[in-house]
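Q: Next comes the structure file entry36.tsv, holding TSV, C-alpha atoms and all ligand atoms.
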```tsv
chain	number	residue	atom	x	y	z
A	1	MET	CA	-17.24	23.54	26.16
A	2	ASP	CA	-17.55	19.80	26.30
A	3	THR	CA	-20.91	18.65	27.47
A	4	ILE	CA	-19.90	15.06	28.18
A	5	THR	CA	-17.44	13.84	30.75
A	6	LYS	CA	-14.21	12.06	29.97
A	7	ALA	CA	-15.64	8.76	31.12
A	8	GLN	CA	-18.72	9.17	28.97
A	9	ARG	CA	-16.58	10.07	26.01
A	10	SER	CA	-14.29	7.08	26.35
A	11	LYS	CA	-17.31	4.80	26.69
A	12	LEU	CA	-18.75	6.32	23.55
A	13	MET	CA	-15.49	6.02	21.67
A	14	SER	CA	-15.04	2.40	22.61
A	15	ARG	CA	-18.42	1.69	21.13
A	16	ILE	CA	-17.61	3.57	17.95
A	17	ARG	CA	-14.19	2.03	17.47
A	18	SER	CA	-14.66	-1.22	15.62
A	19	LYS	CA	-11.48	-2.86	16.82
A	20	ASP	CA	-11.35	-6.40	18.12
A	21	THR	CA	-14.74	-7.20	16.74
A	22	LYS	CA	-15.74	-10.82	16.38
A	23	PRO	CA	-15.22	-11.14	12.61
A	24	GLU	CA	-11.83	-9.53	12.95
A	25	MET	CA	-10.79	-11.90	15.72
A	26	ALA	CA	-11.92	-14.86	13.62
A	27	VAL	CA	-9.88	-13.72	10.62
A	28	ARG	CA	-6.83	-13.05	12.76
A	29	SER	CA	-6.85	-16.50	14.25
A	30	LEU	CA	-7.51	-18.17	10.88
A	31	VAL	CA	-4.65	-16.33	9.19
A	32	HIS	CA	-2.38	-17.03	12.13
A	33	ARG	CA	-3.19	-20.76	12.01
A	34	MET	CA	-2.27	-20.71	8.32
A	35	GLY	CA	1.23	-19.68	9.38
A	36	TYR	CA	1.21	-16.02	8.39
A	37	ARG	CA	2.50	-13.39	10.78
A	38	TYR	CA	1.23	-9.85	10.82
A	39	ARG	CA	0.99	-6.65	12.77
A	40	LEU	CA	-2.27	-5.12	13.86
A	41	HIS	CA	-3.75	-1.72	13.07
A	42	ASP	CA	-0.73	0.09	11.74
A	43	LYS	CA	-1.69	3.70	12.40
A	44	LYS	CA	1.00	4.95	10.05
A	45	LEU	CA	-0.91	3.49	7.11
A	46	PRO	CA	-4.11	4.97	5.68
A	47	GLY	CA	-7.16	3.48	7.38
A	48	SER	CA	-4.95	1.74	9.97
A	49	PRO	CA	-5.49	-1.67	8.35
A	50	ASP	CA	-6.57	-4.58	10.54
A	51	LEU	CA	-3.82	-7.01	9.49
A	52	VAL	CA	-0.52	-5.72	8.12
A	53	PHE	CA	1.99	-7.99	6.35
A	54	THR	CA	4.95	-5.67	6.22
A	55	SER	CA	7.48	-7.73	4.28
A	56	ARG	CA	4.86	-8.45	1.63
A	57	ALA	CA	3.59	-4.86	1.54
A	58	LYS	CA	0.06	-6.20	1.86
A	59	VAL	CA	-2.81	-5.48	4.18
A	60	ILE	CA	-6.16	-7.04	4.98
A	61	PHE	CA	-9.24	-5.21	6.14
A	62	VAL	CA	-12.01	-7.10	7.88
A	63	HIS	CA	-15.29	-5.39	7.12
A	64	GLY	CA	-18.73	-5.81	8.55
A	65	CYS	CA	-21.19	-6.20	5.68
A	66	PHE	CA	-23.62	-3.64	7.03
A	67	TRP	CA	-21.27	-0.83	8.04
A	68	HIS	CA	-19.14	-1.08	4.92
A	69	MET	CA	-21.98	-1.75	2.48
A	70	HIS	CA	-21.01	-5.13	1.11
A	71	ARG	CA	-22.57	-5.05	-2.35
A	72	THR	CA	-24.10	-8.50	-2.19
A	73	CYS	CA	-25.61	-8.38	1.27
A	74	TYR	CA	-26.08	-4.93	2.69
A	75	HIS	CA	-29.46	-3.41	3.27
A	76	ILE	CA	-30.34	0.12	4.25
A	77	PRO	CA	-32.65	0.24	7.27
A	78	LYS	CA	-36.18	1.40	6.47
A	79	VAL	CA	-36.31	3.65	9.49
A	80	ARG	CA	-34.37	6.90	9.00
A	81	ARG	CA	-33.46	5.69	5.57
A	82	GLY	CA	-31.93	8.95	4.35
A	83	PHE	CA	-29.66	9.17	7.37
A	84	TRP	CA	-28.44	5.61	7.00
A	85	LYS	CA	-28.00	5.83	3.27
A	86	ALA	CA	-25.78	8.91	3.60
A	87	LYS	CA	-23.84	7.44	6.49
A	88	LEU	CA	-23.19	4.06	4.86
A	89	GLU	CA	-22.36	5.51	1.48
A	90	ASN	CA	-19.92	7.81	3.22
A	91	ASN	CA	-18.27	4.81	4.89
A	92	ALA	CA	-17.99	2.97	1.58
A	93	ALA	CA	-16.52	6.02	-0.16
A	94	ARG	CA	-13.96	6.41	2.61
A	95	ASP	CA	-13.00	2.74	2.29
A	96	LYS	CA	-12.44	3.23	-1.40
A	97	ARG	CA	-10.26	6.30	-0.88
A	98	THR	CA	-8.25	4.48	1.77
A	99	ARG	CA	-7.52	1.58	-0.53
A	100	GLN	CA	-6.53	3.93	-3.35
A	101	LYS	CA	-4.14	5.74	-1.04
A	102	LEU	CA	-2.55	2.47	0.04
A	103	ASN	CA	-2.23	1.42	-3.55
A	104	ARG	CA	-0.42	4.63	-4.46
A	105	MET	CA	1.97	3.98	-1.58
A	106	GLY	CA	2.75	0.55	-2.97
A	107	TRP	CA	0.58	-1.49	-0.64
A	108	GLN	CA	-1.83	-4.09	-1.92
A	109	SER	CA	-5.04	-4.52	0.02
A	110	ARG	CA	-7.86	-7.04	0.28
A	111	VAL	CA	-11.14	-6.88	2.10
A	112	ILE	CA	-12.45	-9.87	3.94
A	113	TRP	CA	-16.16	-9.53	4.46
A	114	GLU	CA	-17.91	-10.74	7.57
A	115	CYS	CA	-20.15	-13.04	5.52
A	116	GLN	CA	-17.12	-14.79	3.98
A	117	LEU	CA	-16.33	-16.27	7.38
A	118	ARG	CA	-19.16	-18.72	6.83
A	119	ASN	CA	-17.06	-20.62	4.29
A	120	THR	CA	-13.68	-21.22	5.89
A	121	GLU	CA	-12.17	-23.23	3.05
A	122	LYS	CA	-13.04	-20.64	0.46
A	123	LEU	CA	-11.74	-17.89	2.71
A	124	LYS	CA	-8.48	-19.74	3.26
A	125	SER	CA	-7.89	-20.04	-0.44
A	126	LYS	CA	-8.63	-16.35	-0.89
A	127	VAL	CA	-6.07	-15.52	1.79
A	128	ARG	CA	-3.51	-17.90	0.31
A	129	GLN	CA	-4.04	-16.45	-3.16
A	130	PHE	CA	-3.49	-12.95	-1.85
A	131	LEU	CA	-0.51	-13.59	0.40
A	132	GLY	CA	1.15	-16.31	-1.62
B	201	ZN	ZN	-21.36	-9.69	3.05
```
Could I get this file's structure written as structure tokens?
A:
Amino acid sequence: MDTITKAQRSKLMSRIRSKDTKPEMAVRSLVHRMGYRYRLHDKKLPGSPDLVFTSRAKVIFVHGCFWHMHRTCYHIPKVRRGFWKAKLENNAARDKRTRQKLNRMGWQSRVIWECQLRNTEKLKSKVRQFLG
């Protein structure tokens, strides 16, 4: 038996779902301004990638540095450290598996990290290098 109502569940889910987050919106608009066109969250692909460039067979994920354990800037909270460590490492492992799956299907993928939004020029050249 469910102990939470439908409304409670959908509220909870909307908080869990990381769609339309600020970094993602920023990347979308940047890439769009650069003239690239893409689809969003293709559920048919592993990990339902944030930006999908179908004709190029390429996808971009926008990752928050904390939740996806960006090597250069993540930190594990001191409180409930074991819990967080397991949770974050699990996220990172899942990301890795997702990208391997995509690769086997013939899709190239790149991750844009939240912190990379601080340097727009550098980010643009990364995007251009990836998409051509
Ligand atoms: Zn970062």
Q: Calculate how many Å separate atom CA of Ala92 of chain A from atom CA of Met69 of chain A, rounding to one decimal.
A: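 Between atom CA of Ala92 of chain A and atom CA of Met69 of chain A the gap is 6.2 Å.
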Q: Which residues are near ligand ZN 201 (chain B) in this structure, taking near to mean any atom at most 7 Å from a ligand atom and counting all atoms listed in the file? Format them as a list in words.
A: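 Checking all atoms listed in the file against ligand ZN 201 (chain B) at 7 Å gives Cys65, His70, Thr72, Cys73, Tyr74, Trp113, Glu114, Cys115 and Gln116 of chain A.
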Q: Near segment 117-120 of chain A, within 10 Å and counting all atoms listed in the file, which residues show up once chain neighbours fewer than 4 positions away are dropped, as a ChimeraX atom specification?
A: /A:23-24,26-27,30,112-113,124-126
Q: Restricting the calculation to all atoms listed in the file, which member of A:Asn91, A:Ser29, A:Ser55, A:Ser48 is positioned closest to Leu131 of chain A?
A: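 When distances to Leu131 of chain A are compared using all atoms listed in the file, the smallest one comes from A:Ser55.
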Q: So how far away is atom CA of Val59 of chain A from atom CA of Asp95 of chain A, in Å?
A: 13.2 Å
